[in-house]
>>> print(open('model.tsv').read())   # TSV, N, CA, C and O atoms
chain	number	residue	atom	x	y	z
A	894	ALA	N	50.76	-190.87	53.37
A	894	ALA	CA	50.59	-192.29	53.64
A	894	ALA	C	49.11	-192.68	53.58
A	894	ALA	O	48.80	-193.79	53.20
A	895	ALA	N	48.24	-191.77	53.97
A	895	ALA	CA	46.82	-192.11	53.99
A	895	ALA	C	46.31	-192.43	52.59
A	895	ALA	O	45.48	-193.32	52.43
A	896	LEU	N	46.81	-191.73	51.58
A	896	LEU	CA	46.32	-191.95	50.23
A	896	LEU	C	47.00	-193.14	49.56
A	896	LEU	O	46.34	-193.95	48.90
A	897	ASP	N	48.32	-193.29	49.68
A	897	ASP	CA	48.97	-194.41	49.00
A	897	ASP	C	48.62	-195.74	49.65
A	897	ASP	O	48.34	-196.72	48.96
A	898	CYS	N	48.59	-195.79	50.97
A	898	CYS	CA	48.27	-197.05	51.64
A	898	CYS	C	46.86	-197.52	51.31
A	898	CYS	O	46.66	-198.70	51.05
A	899	GLN	N	45.91	-196.62	51.30
A	899	GLN	CA	44.53	-197.02	51.01
A	899	GLN	C	44.39	-197.53	49.58
A	899	GLN	O	43.65	-198.48	49.33
A	900	SER	N	45.10	-196.91	48.64
A	900	SER	CA	45.01	-197.41	47.26
A	900	SER	C	45.65	-198.79	47.15
A	900	SER	O	45.12	-199.68	46.50
A	901	GLY	N	46.78	-198.98	47.81
A	901	GLY	CA	47.44	-200.29	47.78
A	901	GLY	C	46.63	-201.37	48.45
A	901	GLY	O	46.56	-202.51	47.98
A	902	LEU	N	45.99	-201.02	49.55
A	902	LEU	CA	45.18	-202.00	50.26
A	902	LEU	C	43.95	-202.43	49.48
A	902	LEU	O	43.33	-203.45	49.82
A	903	SER	N	43.59	-201.72	48.43
A	903	SER	CA	42.48	-202.16	47.60
A	903	SER	C	42.87	-203.39	46.77
A	903	SER	O	42.01	-204.14	46.33
A	904	TRP	N	44.18	-203.62	46.56
A	904	TRP	CA	44.67	-204.78	45.81
A	904	TRP	C	45.31	-205.84	46.68
A	904	TRP	O	45.07	-207.03	46.51
A	905	ILE	N	46.16	-205.43	47.60
A	905	ILE	CA	47.04	-206.37	48.28
A	905	ILE	C	46.31	-207.50	49.00
A	905	ILE	O	46.71	-208.65	48.86
A	906	PRO	N	45.23	-207.26	49.74
A	906	PRO	CA	44.58	-208.39	50.41
A	906	PRO	C	43.91	-209.38	49.45
A	906	PRO	O	43.70	-210.53	49.79
A	907	ARG	N	43.57	-208.92	48.26
A	907	ARG	CA	42.83	-209.77	47.31
A	907	ARG	C	43.73	-210.61	46.43
A	907	ARG	O	43.26	-211.54	45.79
A	908	GLU	N	44.99	-210.24	46.33
A	908	GLU	CA	45.85	-210.89	45.34
A	908	GLU	C	47.20	-211.22	45.96
A	908	GLU	O	47.85	-210.35	46.51
A	909	PRO	N	47.62	-212.48	45.89
A	909	PRO	CA	48.92	-212.83	46.46
A	909	PRO	C	50.05	-212.21	45.63
A	909	PRO	O	49.90	-211.93	44.45
A	910	GLY	N	51.17	-211.98	46.27
A	910	GLY	CA	52.33	-211.43	45.58
A	910	GLY	C	52.84	-210.19	46.27
A	910	GLY	O	52.32	-209.76	47.30
A	911	ALA	N	53.87	-209.61	45.68
A	911	ALA	CA	54.47	-208.39	46.21
A	911	ALA	C	54.23	-207.26	45.21
A	911	ALA	O	54.32	-207.46	44.00
A	912	PHE	N	53.96	-206.07	45.74
A	912	PHE	CA	53.66	-204.91	44.92
A	912	PHE	C	54.60	-203.76	45.26
A	912	PHE	O	55.05	-203.64	46.40
A	913	VAL	N	54.86	-202.91	44.28
A	913	VAL	CA	55.54	-201.64	44.51
A	913	VAL	C	54.69	-200.54	43.90
A	913	VAL	O	53.94	-200.77	42.94
A	914	LEU	N	54.79	-199.36	44.47
A	914	LEU	CA	54.06	-198.21	43.95
A	914	LEU	C	54.80	-197.69	42.72
A	914	LEU	O	55.95	-197.27	42.82
A	915	GLY	N	54.15	-197.73	41.57
A	915	GLY	CA	54.77	-197.27	40.33
A	915	GLY	C	54.70	-195.76	40.17
A	915	GLY	O	55.70	-195.10	39.89
A	916	LYS	N	53.52	-195.20	40.36
A	916	LYS	CA	53.35	-193.75	40.29
A	916	LYS	C	52.07	-193.37	41.02
A	916	LYS	O	51.17	-194.20	41.21
A	917	MET	N	52.03	-192.10	41.42
A	917	MET	CA	50.84	-191.61	42.11
A	917	MET	C	50.69	-190.12	41.86
A	917	MET	O	51.68	-189.38	41.88
A	918	ALA	N	49.48	-189.70	41.60
A	918	ALA	CA	49.15	-188.28	41.44
A	918	ALA	C	48.10	-187.93	42.47
A	918	ALA	O	47.14	-188.67	42.66
A	919	VAL	N	48.29	-186.79	43.14
A	919	VAL	CA	47.40	-186.39	44.23
A	919	VAL	C	46.96	-184.95	44.05
A	919	VAL	O	47.74	-184.10	43.62
A	920	VAL	N	45.69	-184.69	44.37
A	920	VAL	CA	45.17	-183.33	44.42
A	920	VAL	C	44.75	-183.08	45.87
A	920	VAL	O	43.97	-183.85	46.43
A	921	ILE	N	45.29	-182.02	46.47
A	921	ILE	CA	44.93	-181.66	47.83
A	921	ILE	C	44.09	-180.39	47.78
A	921	ILE	O	44.56	-179.35	47.32
A	922	ARG	N	42.86	-180.49	48.21
A	922	ARG	CA	41.95	-179.32	48.21
A	922	ARG	C	42.14	-178.46	49.45
A	922	ARG	O	42.06	-177.25	49.37
A	923	ARG	N	42.33	-179.12	50.58
A	923	ARG	CA	42.63	-178.38	51.81
A	923	ARG	C	43.19	-179.36	52.83
A	923	ARG	O	42.83	-180.54	52.83
A	924	PRO	N	44.06	-178.89	53.72
A	924	PRO	CA	44.56	-179.77	54.77
A	924	PRO	C	43.49	-179.94	55.86
A	924	PRO	O	42.66	-179.04	56.06
A	925	PRO	N	43.51	-181.06	56.55
A	925	PRO	CA	42.54	-181.23	57.63
A	925	PRO	C	42.89	-180.32	58.81
A	925	PRO	O	44.05	-179.99	59.04
A	926	ALA	N	41.88	-179.93	59.54
A	926	ALA	CA	42.07	-179.15	60.76
A	926	ALA	C	42.57	-180.09	61.87
A	926	ALA	O	42.29	-181.29	61.84
A	927	PRO	N	43.30	-179.55	62.84
A	927	PRO	CA	43.71	-180.40	63.97
A	927	PRO	C	42.48	-181.04	64.63
A	927	PRO	O	41.45	-180.40	64.81
A	928	ASP	N	42.60	-182.31	64.91
A	928	ASP	CA	41.53	-183.10	65.56
A	928	ASP	C	40.28	-183.28	64.70
A	928	ASP	O	39.25	-183.74	65.19
A	929	GLU	N	40.34	-182.93	63.40
A	929	GLU	CA	39.19	-183.15	62.52
A	929	GLU	C	39.03	-184.64	62.26
A	929	GLU	O	40.00	-185.34	61.95
A	930	ARG	N	37.81	-185.13	62.37
A	930	ARG	CA	37.53	-186.54	62.09
A	930	ARG	C	37.42	-186.71	60.58
A	930	ARG	O	36.75	-185.92	59.91
A	931	LEU	N	38.08	-187.76	60.07
A	931	LEU	CA	38.17	-187.98	58.63
A	931	LEU	C	37.73	-189.38	58.25
A	931	LEU	O	37.74	-190.30	59.06
A	932	ILE	N	37.38	-189.53	56.99
A	932	ILE	CA	37.06	-190.82	56.39
A	932	ILE	C	38.04	-191.01	55.24
A	932	ILE	O	38.19	-190.12	54.39
A	933	VAL	N	38.72	-192.17	55.22
A	933	VAL	CA	39.68	-192.46	54.16
A	933	VAL	C	39.18	-193.69	53.41
A	933	VAL	O	38.82	-194.69	54.02
A	934	ALA	N	39.14	-193.59	52.09
A	934	ALA	CA	38.63	-194.70	51.27
A	934	ALA	C	39.62	-195.02	50.15
A	934	ALA	O	40.33	-194.14	49.67
A	935	GLY	N	39.64	-196.28	49.74
A	935	GLY	CA	40.46	-196.70	48.61
A	935	GLY	C	39.69	-197.69	47.75
A	935	GLY	O	38.82	-198.41	48.25
A	936	TRP	N	39.98	-197.72	46.46
A	936	TRP	CA	39.28	-198.62	45.55
A	936	TRP	C	40.24	-199.03	44.44
A	936	TRP	O	41.21	-198.36	44.13
A	937	SER	N	39.96	-200.17	43.84
A	937	SER	CA	40.80	-200.69	42.76
A	937	SER	C	40.14	-200.45	41.42
A	937	SER	O	38.93	-200.32	41.32
A	938	GLY	N	40.98	-200.40	40.38
A	938	GLY	CA	40.51	-200.28	39.01
A	938	GLY	C	40.66	-201.62	38.30
A	938	GLY	O	40.78	-202.67	38.95
A	939	GLN	N	40.69	-201.58	36.99
A	939	GLN	CA	40.80	-202.80	36.18
A	939	GLN	C	42.28	-203.13	35.98
A	939	GLN	O	43.04	-202.32	35.47
A	940	ALA	N	42.68	-204.34	36.38
A	940	ALA	CA	44.07	-204.78	36.22
A	940	ALA	C	44.44	-204.85	34.74
A	940	ALA	O	43.62	-205.23	33.90
A	941	GLU	N	45.69	-204.46	34.45
A	941	GLU	CA	46.22	-204.53	33.08
A	941	GLU	C	47.61	-205.14	33.16
A	941	GLU	O	48.56	-204.46	33.56
A	942	GLY	N	47.75	-206.41	32.80
A	942	GLY	CA	49.04	-207.08	32.94
A	942	GLY	C	49.44	-207.09	34.40
A	942	GLY	O	48.68	-207.54	35.26
A	943	ARG	N	50.63	-206.56	34.70
A	943	ARG	CA	51.08	-206.48	36.10
A	943	ARG	C	50.69	-205.16	36.75
A	943	ARG	O	50.93	-204.96	37.93
A	944	ARG	N	50.10	-204.26	36.01
A	944	ARG	CA	49.67	-202.96	36.55
A	944	ARG	C	48.34	-203.10	37.28
A	944	ARG	O	47.41	-203.73	36.79
A	945	ARG	N	48.30	-202.45	38.46
A	945	ARG	CA	47.09	-202.47	39.27
A	945	ARG	C	46.70	-201.02	39.60
A	945	ARG	O	47.21	-200.45	40.56
A	946	PRO	N	45.81	-200.41	38.81
A	946	PRO	CA	45.41	-199.03	39.10
A	946	PRO	C	44.49	-198.98	40.31
A	946	PRO	O	43.74	-199.93	40.59
A	947	ALA	N	44.58	-197.88	41.04
A	947	ALA	CA	43.76	-197.73	42.24
A	947	ALA	C	43.56	-196.25	42.53
A	947	ALA	O	44.32	-195.40	42.05
A	948	GLY	N	42.55	-195.95	43.30
A	948	GLY	CA	42.27	-194.58	43.71
A	948	GLY	C	42.06	-194.52	45.21
A	948	GLY	O	41.85	-195.54	45.87
A	949	SER	N	42.11	-193.31	45.73
A	949	SER	CA	41.89	-193.12	47.15
A	949	SER	C	41.44	-191.68	47.39
A	949	SER	O	41.68	-190.80	46.55
A	950	ALA	N	40.80	-191.46	48.52
A	950	ALA	CA	40.33	-190.11	48.85
A	950	ALA	C	40.23	-189.97	50.36
A	950	ALA	O	40.04	-190.95	51.09
A	951	ILE	N	40.36	-188.73	50.80
A	951	ILE	CA	40.15	-188.38	52.20
A	951	ILE	C	38.97	-187.42	52.24
A	951	ILE	O	38.96	-186.41	51.53
A	952	TYR	N	37.98	-187.76	53.07
A	952	TYR	CA	36.75	-186.98	53.19
A	952	TYR	C	36.60	-186.45	54.61
A	952	TYR	O	37.03	-187.08	55.57
A	953	SER	N	35.90	-185.33	54.73
A	953	SER	CA	35.46	-184.87	56.05
A	953	SER	C	34.25	-185.70	56.45
A	953	SER	O	33.68	-186.42	55.63
A	954	GLU	N	33.85	-185.58	57.69
A	954	GLU	CA	32.65	-186.31	58.14
A	954	GLU	C	31.41	-185.91	57.36
A	954	GLU	O	30.50	-186.72	57.17
A	955	SER	N	31.38	-184.67	56.86
A	955	SER	CA	30.22	-184.21	56.10
A	955	SER	C	30.28	-184.61	54.63
A	955	SER	O	29.36	-184.33	53.87
A	956	GLY	N	31.37	-185.26	54.20
A	956	GLY	CA	31.48	-185.73	52.83
A	956	GLY	C	32.31	-184.84	51.91
A	956	GLY	O	32.44	-185.13	50.73
A	957	GLU	N	32.88	-183.76	52.43
A	957	GLU	CA	33.73	-182.90	51.62
A	957	GLU	C	35.03	-183.64	51.29
A	957	GLU	O	35.65	-184.25	52.17
A	958	ILE	N	35.45	-183.60	50.03
A	958	ILE	CA	36.71	-184.22	49.63
A	958	ILE	C	37.86	-183.27	49.97
A	958	ILE	O	37.92	-182.16	49.47
A	959	LEU	N	38.76	-183.74	50.85
A	959	LEU	CA	39.93	-182.95	51.21
A	959	LEU	C	41.10	-183.22	50.27
A	959	LEU	O	41.86	-182.33	49.93
A	960	ALA	N	41.23	-184.48	49.85
A	960	ALA	CA	42.32	-184.88	48.95
A	960	ALA	C	41.92	-186.15	48.22
A	960	ALA	O	41.13	-186.95	48.72
A	961	ALA	N	42.46	-186.33	47.02
A	961	ALA	CA	42.19	-187.53	46.24
A	961	ALA	C	43.43	-187.90	45.46
A	961	ALA	O	44.24	-187.04	45.10
A	962	GLY	N	43.59	-189.19	45.21
A	962	GLY	CA	44.77	-189.65	44.48
A	962	GLY	C	44.45	-190.79	43.53
A	962	GLY	O	43.47	-191.52	43.72
A	963	GLN	N	45.30	-190.90	42.51
A	963	GLN	CA	45.26	-192.03	41.58
A	963	GLN	C	46.64	-192.64	41.58
A	963	GLN	O	47.64	-191.92	41.49
A	964	ALA	N	46.70	-193.96	41.69
A	964	ALA	CA	47.98	-194.65	41.79
A	964	ALA	C	48.02	-195.83	40.83
A	964	ALA	O	46.98	-196.38	40.46
A	965	THR	N	49.23	-196.21	40.47
A	965	THR	CA	49.47	-197.45	39.74
A	965	THR	C	50.43	-198.29	40.55
A	965	THR	O	51.57	-197.88	40.82
A	966	TRP	N	49.96	-199.44	40.99
A	966	TRP	CA	50.78	-200.40	41.72
A	966	TRP	C	51.24	-201.45	40.72
A	966	TRP	O	50.51	-201.80	39.79
A	967	ILE	N	52.46	-201.94	40.89
A	967	ILE	CA	53.04	-202.94	39.98
A	967	ILE	C	53.24	-204.25	40.75
A	967	ILE	O	53.88	-204.28	41.80
A	968	LEU	N	52.69	-205.33	40.20
A	968	LEU	CA	52.89	-206.66	40.76
A	968	LEU	C	54.26	-207.16	40.33
A	968	LEU	O	54.56	-207.21	39.13
A	969	LEU	N	55.11	-207.47	41.29
A	969	LEU	CA	56.46	-207.93	40.96
A	969	LEU	C	56.45	-209.36	40.44
A	969	LEU	O	55.63	-210.18	40.86
A	970	THR	N	57.38	-209.64	39.55
A	970	THR	CA	57.59	-211.02	39.12
A	970	THR	C	58.26	-211.77	40.27
A	970	THR	O	58.79	-211.18	41.20
A	971	ASP	N	58.28	-213.10	40.18
A	971	ASP	CA	58.97	-213.89	41.21
A	971	ASP	C	60.44	-213.50	41.29
A	971	ASP	O	61.00	-213.38	42.39
A	972	GLU	N	61.08	-213.27	40.16
A	972	GLU	CA	62.49	-212.88	40.15
A	972	GLU	C	62.69	-211.52	40.83
A	972	GLU	O	63.60	-211.36	41.65
A	973	GLN	N	61.86	-210.56	40.53
A	973	GLN	CA	61.96	-209.24	41.16
A	973	GLN	C	61.74	-209.34	42.67
A	973	GLN	O	62.44	-208.69	43.45
A	974	ARG	N	60.79	-210.14	43.06
A	974	ARG	CA	60.51	-210.30	44.48
A	974	ARG	C	61.72	-210.89	45.21
A	974	ARG	O	62.08	-210.44	46.29
A	975	ARG	N	62.37	-211.88	44.60
A	975	ARG	CA	63.58	-212.46	45.22
A	975	ARG	C	64.70	-211.42	45.32
A	975	ARG	O	65.40	-211.36	46.32
A	976	GLU	N	64.86	-210.59	44.27
A	976	GLU	CA	65.90	-209.55	44.30
A	976	GLU	C	65.64	-208.56	45.43
A	976	GLU	O	66.56	-208.15	46.13
A	977	PHE	N	64.40	-208.14	45.60
A	977	PHE	CA	64.06	-207.21	46.68
A	977	PHE	C	64.31	-207.84	48.04
A	977	PHE	O	64.70	-207.17	48.98
A	978	ALA	N	64.07	-209.14	48.14
A	978	ALA	CA	64.25	-209.83	49.42
A	978	ALA	C	65.71	-210.16	49.68
A	978	ALA	O	66.05	-210.62	50.77
A	979	GLY	N	66.59	-209.94	48.68
A	979	GLY	CA	68.01	-210.22	48.88
A	979	GLY	C	68.38	-211.67	48.65
A	979	GLY	O	69.48	-212.07	48.99
A	980	GLY	N	67.49	-212.45	48.06
A	980	GLY	CA	67.76	-213.85	47.81
A	980	GLY	C	68.40	-214.08	46.46
A	980	GLY	O	68.61	-213.15	45.68
A	981	PRO	N	68.72	-215.32	46.14
A	981	PRO	CA	69.32	-215.64	44.84
A	981	PRO	C	68.32	-215.43	43.71
A	981	PRO	O	67.12	-215.60	43.90
A	982	SER	N	68.82	-215.05	42.56
A	982	SER	CA	67.96	-214.81	41.39
A	982	SER	C	67.50	-216.08	40.75
A	982	SER	O	68.15	-217.04	40.70
>>> encode(input="model.tsv", output="C-alpha cells")
Amino acid sequence: AALDCQSGLSWIPREPGAFVLGKMAVVIRRPPAPDERLIVAGWSGQAEGRRRPAGSAIYSESGEILAAGQATWILLTDEQRREFAGGPS
C-alpha cells in the first residue's frame, strides 16, 4: 500500500476524476526492520491520454532505497465512473 498509494497520490489531488491502478511493478531491496523510521515518496510522470504514469519509493532515514515502484494509473471516463458507482450508464 505504501508504494501504490504514494504513486496515485501524485496524480489524484491535482486532477479531478476517478482513477484505477492499471499496472504496477515493484523492486524490493530489503524489508524494513521493526520500528525503522522510513521516508515514502511519490511522483508523477508525463500524462498520455488517460494513462497517468507515476513512481514511488521507500527510503531509510539515511537515504537507502528499500523498495521502488512504477505504476500506471488510468483516468476513468464518465461512463466507466458511473458503472463503478453502480449508477445508470
>>> closest_residue(input="model.tsv", among="A:Ile905, A:Ser949, A:Val913, A:Pro927", to="Gly962 in chain A", atoms="only N, CA, C and O atoms")
A:Ser949
>>> closest_residue(input="model.tsv", among="A:Gln963, A:Ser953, A:Thr970, A:Ser937", to="Arg907 in chain A", atoms="only C-alpha atoms")
A:Ser937
>>> atom_distance(input="model.tsv", atom1="CA of Leu914 in chain A", atom2="atom O of Ala895 in chain A")
13.0 Å
>>> select_by_dssp(input="model.tsv", residues="chain A", states="strand (DSSP E or B)", output="VMD selection string")
chain A and resid 912 to 921 931 to 937 941 944 to 953 958 to 968
>>> closest_residue(input="model.tsv", among="A:Trp966, A:Tyr952, A:Pro925, A:Leu902", to="Ala940 in chain A", atoms="all atoms listed in the file")
A:Trp966
>>> closest_residue(input="model.tsv", among="A:Gly910, A:Gly979, A:Pro924, A:Gly901", to="Gly938 in chain A", atoms="only C-alpha atoms")
A:Gly901
>>> select_by_dssp(input="model.tsv", residues="chain A", states="alpha helix (DSSP H)", output="PyMOL selection string")
chain A and resi 895-902+971-978
>>> write_last_selection(input="model.tsv", atoms="N, CA, C and O atoms", output="mmCIF file, in the coordinates of the input")
data_model
loop_
_atom_site.group_PDB
_atom_site.id
_atom_site.type_symbol
_atom_site.label_atom_id
_atom_site.label_comp_id
_atom_site.auth_asym_id
_atom_site.auth_seq_id
_atom_site.Cartn_x
_atom_site.Cartn_y
_atom_site.Cartn_z
ATOM 1 N N ALA A 895 48.240 -191.770 53.970
ATOM 2 C CA ALA A 895 46.820 -192.110 53.990
ATOM 3 C C ALA A 895 46.310 -192.430 52.590
ATOM 4 O O ALA A 895 45.480 -193.320 52.430
ATOM 5 N N LEU A 896 46.810 -191.730 51.580
ATOM 6 C CA LEU A 896 46.320 -191.950 50.230
ATOM 7 C C LEU A 896 47.000 -193.140 49.560
ATOM 8 O O LEU A 896 46.340 -193.950 48.900
ATOM 9 N N ASP A 897 48.320 -193.290 49.680
ATOM 10 C CA ASP A 897 48.970 -194.410 49.000
ATOM 11 C C ASP A 897 48.620 -195.740 49.650
ATOM 12 O O ASP A 897 48.340 -196.720 48.960
ATOM 13 N N CYS A 898 48.590 -195.790 50.970
ATOM 14 C CA CYS A 898 48.270 -197.050 51.640
ATOM 15 C C CYS A 898 46.860 -197.520 51.310
ATOM 16 O O CYS A 898 46.660 -198.700 51.050
ATOM 17 N N GLN A 899 45.910 -196.620 51.300
ATOM 18 C CA GLN A 899 44.530 -197.020 51.010
ATOM 19 C C GLN A 899 44.390 -197.530 49.580
ATOM 20 O O GLN A 899 43.650 -198.480 49.330
ATOM 21 N N SER A 900 45.100 -196.910 48.640
ATOM 22 C CA SER A 900 45.010 -197.410 47.260
ATOM 23 C C SER A 900 45.650 -198.790 47.150
ATOM 24 O O SER A 900 45.120 -199.680 46.500
ATOM 25 N N GLY A 901 46.780 -198.980 47.810
ATOM 26 C CA GLY A 901 47.440 -200.290 47.780
ATOM 27 C C GLY A 901 46.630 -201.370 48.450
ATOM 28 O O GLY A 901 46.560 -202.510 47.980
ATOM 29 N N LEU A 902 45.990 -201.020 49.550
ATOM 30 C CA LEU A 902 45.180 -202.000 50.260
ATOM 31 C C LEU A 902 43.950 -202.430 49.480
ATOM 32 O O LEU A 902 43.330 -203.450 49.820
ATOM 33 N N ASP A 971 58.280 -213.100 40.180
ATOM 34 C CA ASP A 971 58.970 -213.890 41.210
ATOM 35 C C ASP A 971 60.440 -213.500 41.290
ATOM 36 O O ASP A 971 61.000 -213.380 42.390
ATOM 37 N N GLU A 972 61.080 -213.270 40.160
ATOM 38 C CA GLU A 972 62.490 -212.880 40.150
ATOM 39 C C GLU A 972 62.690 -211.520 40.830
ATOM 40 O O GLU A 972 63.600 -211.360 41.650
ATOM 41 N N GLN A 973 61.860 -210.560 40.530
ATOM 42 C CA GLN A 973 61.960 -209.240 41.160
ATOM 43 C C GLN A 973 61.740 -209.340 42.670
ATOM 44 O O GLN A 973 62.440 -208.690 43.450
ATOM 45 N N ARG A 974 60.790 -210.140 43.060
ATOM 46 C CA ARG A 974 60.510 -210.300 44.480
ATOM 47 C C ARG A 974 61.720 -210.890 45.210
ATOM 48 O O ARG A 974 62.080 -210.440 46.290
ATOM 49 N N ARG A 975 62.370 -211.880 44.600
ATOM 50 C CA ARG A 975 63.580 -212.460 45.220
ATOM 51 C C ARG A 975 64.700 -211.420 45.320
ATOM 52 O O ARG A 975 65.400 -211.360 46.320
ATOM 53 N N GLU A 976 64.860 -210.590 44.270
ATOM 54 C CA GLU A 976 65.900 -209.550 44.300
ATOM 55 C C GLU A 976 65.640 -208.560 45.430
ATOM 56 O O GLU A 976 66.560 -208.150 46.130
ATOM 57 N N PHE A 977 64.400 -208.140 45.600
ATOM 58 C CA PHE A 977 64.060 -207.210 46.680
ATOM 59 C C PHE A 977 64.310 -207.840 48.040
ATOM 60 O O PHE A 977 64.700 -207.170 48.980
ATOM 61 N N ALA A 978 64.070 -209.140 48.140
ATOM 62 C CA ALA A 978 64.250 -209.830 49.420
ATOM 63 C C ALA A 978 65.710 -210.160 49.680
ATOM 64 O O ALA A 978 66.050 -210.620 50.770
#
>>> residues_around(input="model.tsv", residues="Ala911 in chain A", least_positions_apart="4", cutoff="9 Å", atoms="only C-alpha atoms", output="PyMOL selection string")
chain A and resi 905+967-971+974
>>> write_last_selection(input="model.tsv", atoms="N, CA, C and O atoms", output="mmCIF file, keeping the file's coordinate frame")
data_model
loop_
_atom_site.group_PDB
_atom_site.id
_atom_site.type_symbol
_atom_site.label_atom_id
_atom_site.label_comp_id
_atom_site.auth_asym_id
_atom_site.auth_seq_id
_atom_site.Cartn_x
_atom_site.Cartn_y
_atom_site.Cartn_z
ATOM 1 N N ILE A 905 46.160 -205.430 47.600
ATOM 2 C CA ILE A 905 47.040 -206.370 48.280
ATOM 3 C C ILE A 905 46.310 -207.500 49.000
ATOM 4 O O ILE A 905 46.710 -208.650 48.860
ATOM 5 N N ILE A 967 52.460 -201.940 40.890
ATOM 6 C CA ILE A 967 53.040 -202.940 39.980
ATOM 7 C C ILE A 967 53.240 -204.250 40.750
ATOM 8 O O ILE A 967 53.880 -204.280 41.800
ATOM 9 N N LEU A 968 52.690 -205.330 40.200
ATOM 10 C CA LEU A 968 52.890 -206.660 40.760
ATOM 11 C C LEU A 968 54.260 -207.160 40.330
ATOM 12 O O LEU A 968 54.560 -207.210 39.130
ATOM 13 N N LEU A 969 55.110 -207.470 41.290
ATOM 14 C CA LEU A 969 56.460 -207.930 40.960
ATOM 15 C C LEU A 969 56.450 -209.360 40.440
ATOM 16 O O LEU A 969 55.630 -210.180 40.860
ATOM 17 N N THR A 970 57.380 -209.640 39.550
ATOM 18 C CA THR A 970 57.590 -211.020 39.120
ATOM 19 C C THR A 970 58.260 -211.770 40.270
ATOM 20 O O THR A 970 58.790 -211.180 41.200
ATOM 21 N N ASP A 971 58.280 -213.100 40.180
ATOM 22 C CA ASP A 971 58.970 -213.890 41.210
ATOM 23 C C ASP A 971 60.440 -213.500 41.290
ATOM 24 O O ASP A 971 61.000 -213.380 42.390
ATOM 25 N N ARG A 974 60.790 -210.140 43.060
ATOM 26 C CA ARG A 974 60.510 -210.300 44.480
ATOM 27 C C ARG A 974 61.720 -210.890 45.210
ATOM 28 O O ARG A 974 62.080 -210.440 46.290
#
>>> atom_distance(input="model.tsv", atom1="atom N of Ala960 in chain A", atom2="CA of Gly942 in chain A")
29.3 Å
>>> build_atoms(input="model.tsv", residues="range 949-954 of chain A", atoms="all heavy atoms", output="short mmCIF file (atom, residue, chain, number, x, y, z; two decimals), in the frame of the given file")
data_model
loop_
_atom_site.label_atom_id
_atom_site.label_comp_id
_atom_site.auth_asym_id
_atom_site.auth_seq_id
_atom_site.Cartn_x
_atom_site.Cartn_y
_atom_site.Cartn_z
N SER A 949 42.11 -193.31 45.73
CA SER A 949 41.89 -193.12 47.15
C SER A 949 41.44 -191.68 47.39
O SER A 949 41.68 -190.80 46.55
CB SER A 949 43.15 -193.42 47.96
OG SER A 949 44.24 -192.65 47.46
N ALA A 950 40.80 -191.46 48.52
CA ALA A 950 40.33 -190.11 48.85
C ALA A 950 40.23 -189.97 50.36
O ALA A 950 40.04 -190.95 51.09
CB ALA A 950 38.98 -189.82 48.20
N ILE A 951 40.36 -188.73 50.80
CA ILE A 951 40.15 -188.38 52.20
C ILE A 951 38.97 -187.42 52.24
O ILE A 951 38.96 -186.41 51.53
CB ILE A 951 41.40 -187.71 52.80
CG1 ILE A 951 42.60 -188.65 52.71
CG2 ILE A 951 41.13 -187.30 54.26
CD1 ILE A 951 43.91 -188.02 53.12
N TYR A 952 37.98 -187.76 53.07
CA TYR A 952 36.75 -186.98 53.19
C TYR A 952 36.60 -186.45 54.61
O TYR A 952 37.03 -187.08 55.57
CB TYR A 952 35.52 -187.86 52.91
CG TYR A 952 35.48 -188.52 51.57
CD1 TYR A 952 36.04 -189.78 51.38
CD2 TYR A 952 34.86 -187.90 50.49
CE1 TYR A 952 35.99 -190.40 50.14
CE2 TYR A 952 34.81 -188.52 49.25
CZ TYR A 952 35.37 -189.76 49.08
OH TYR A 952 35.32 -190.38 47.86
N SER A 953 35.90 -185.33 54.73
CA SER A 953 35.46 -184.87 56.05
C SER A 953 34.25 -185.70 56.45
O SER A 953 33.68 -186.42 55.63
CB SER A 953 35.09 -183.39 55.99
OG SER A 953 33.90 -183.22 55.23
N GLU A 954 33.85 -185.58 57.69
CA GLU A 954 32.65 -186.31 58.14
C GLU A 954 31.41 -185.91 57.36
O GLU A 954 30.50 -186.72 57.17
CB GLU A 954 32.39 -186.06 59.63
CG GLU A 954 33.24 -186.91 60.54
CD GLU A 954 32.79 -186.82 61.98
OE1 GLU A 954 32.75 -185.69 62.51
OE2 GLU A 954 32.49 -187.88 62.57
#
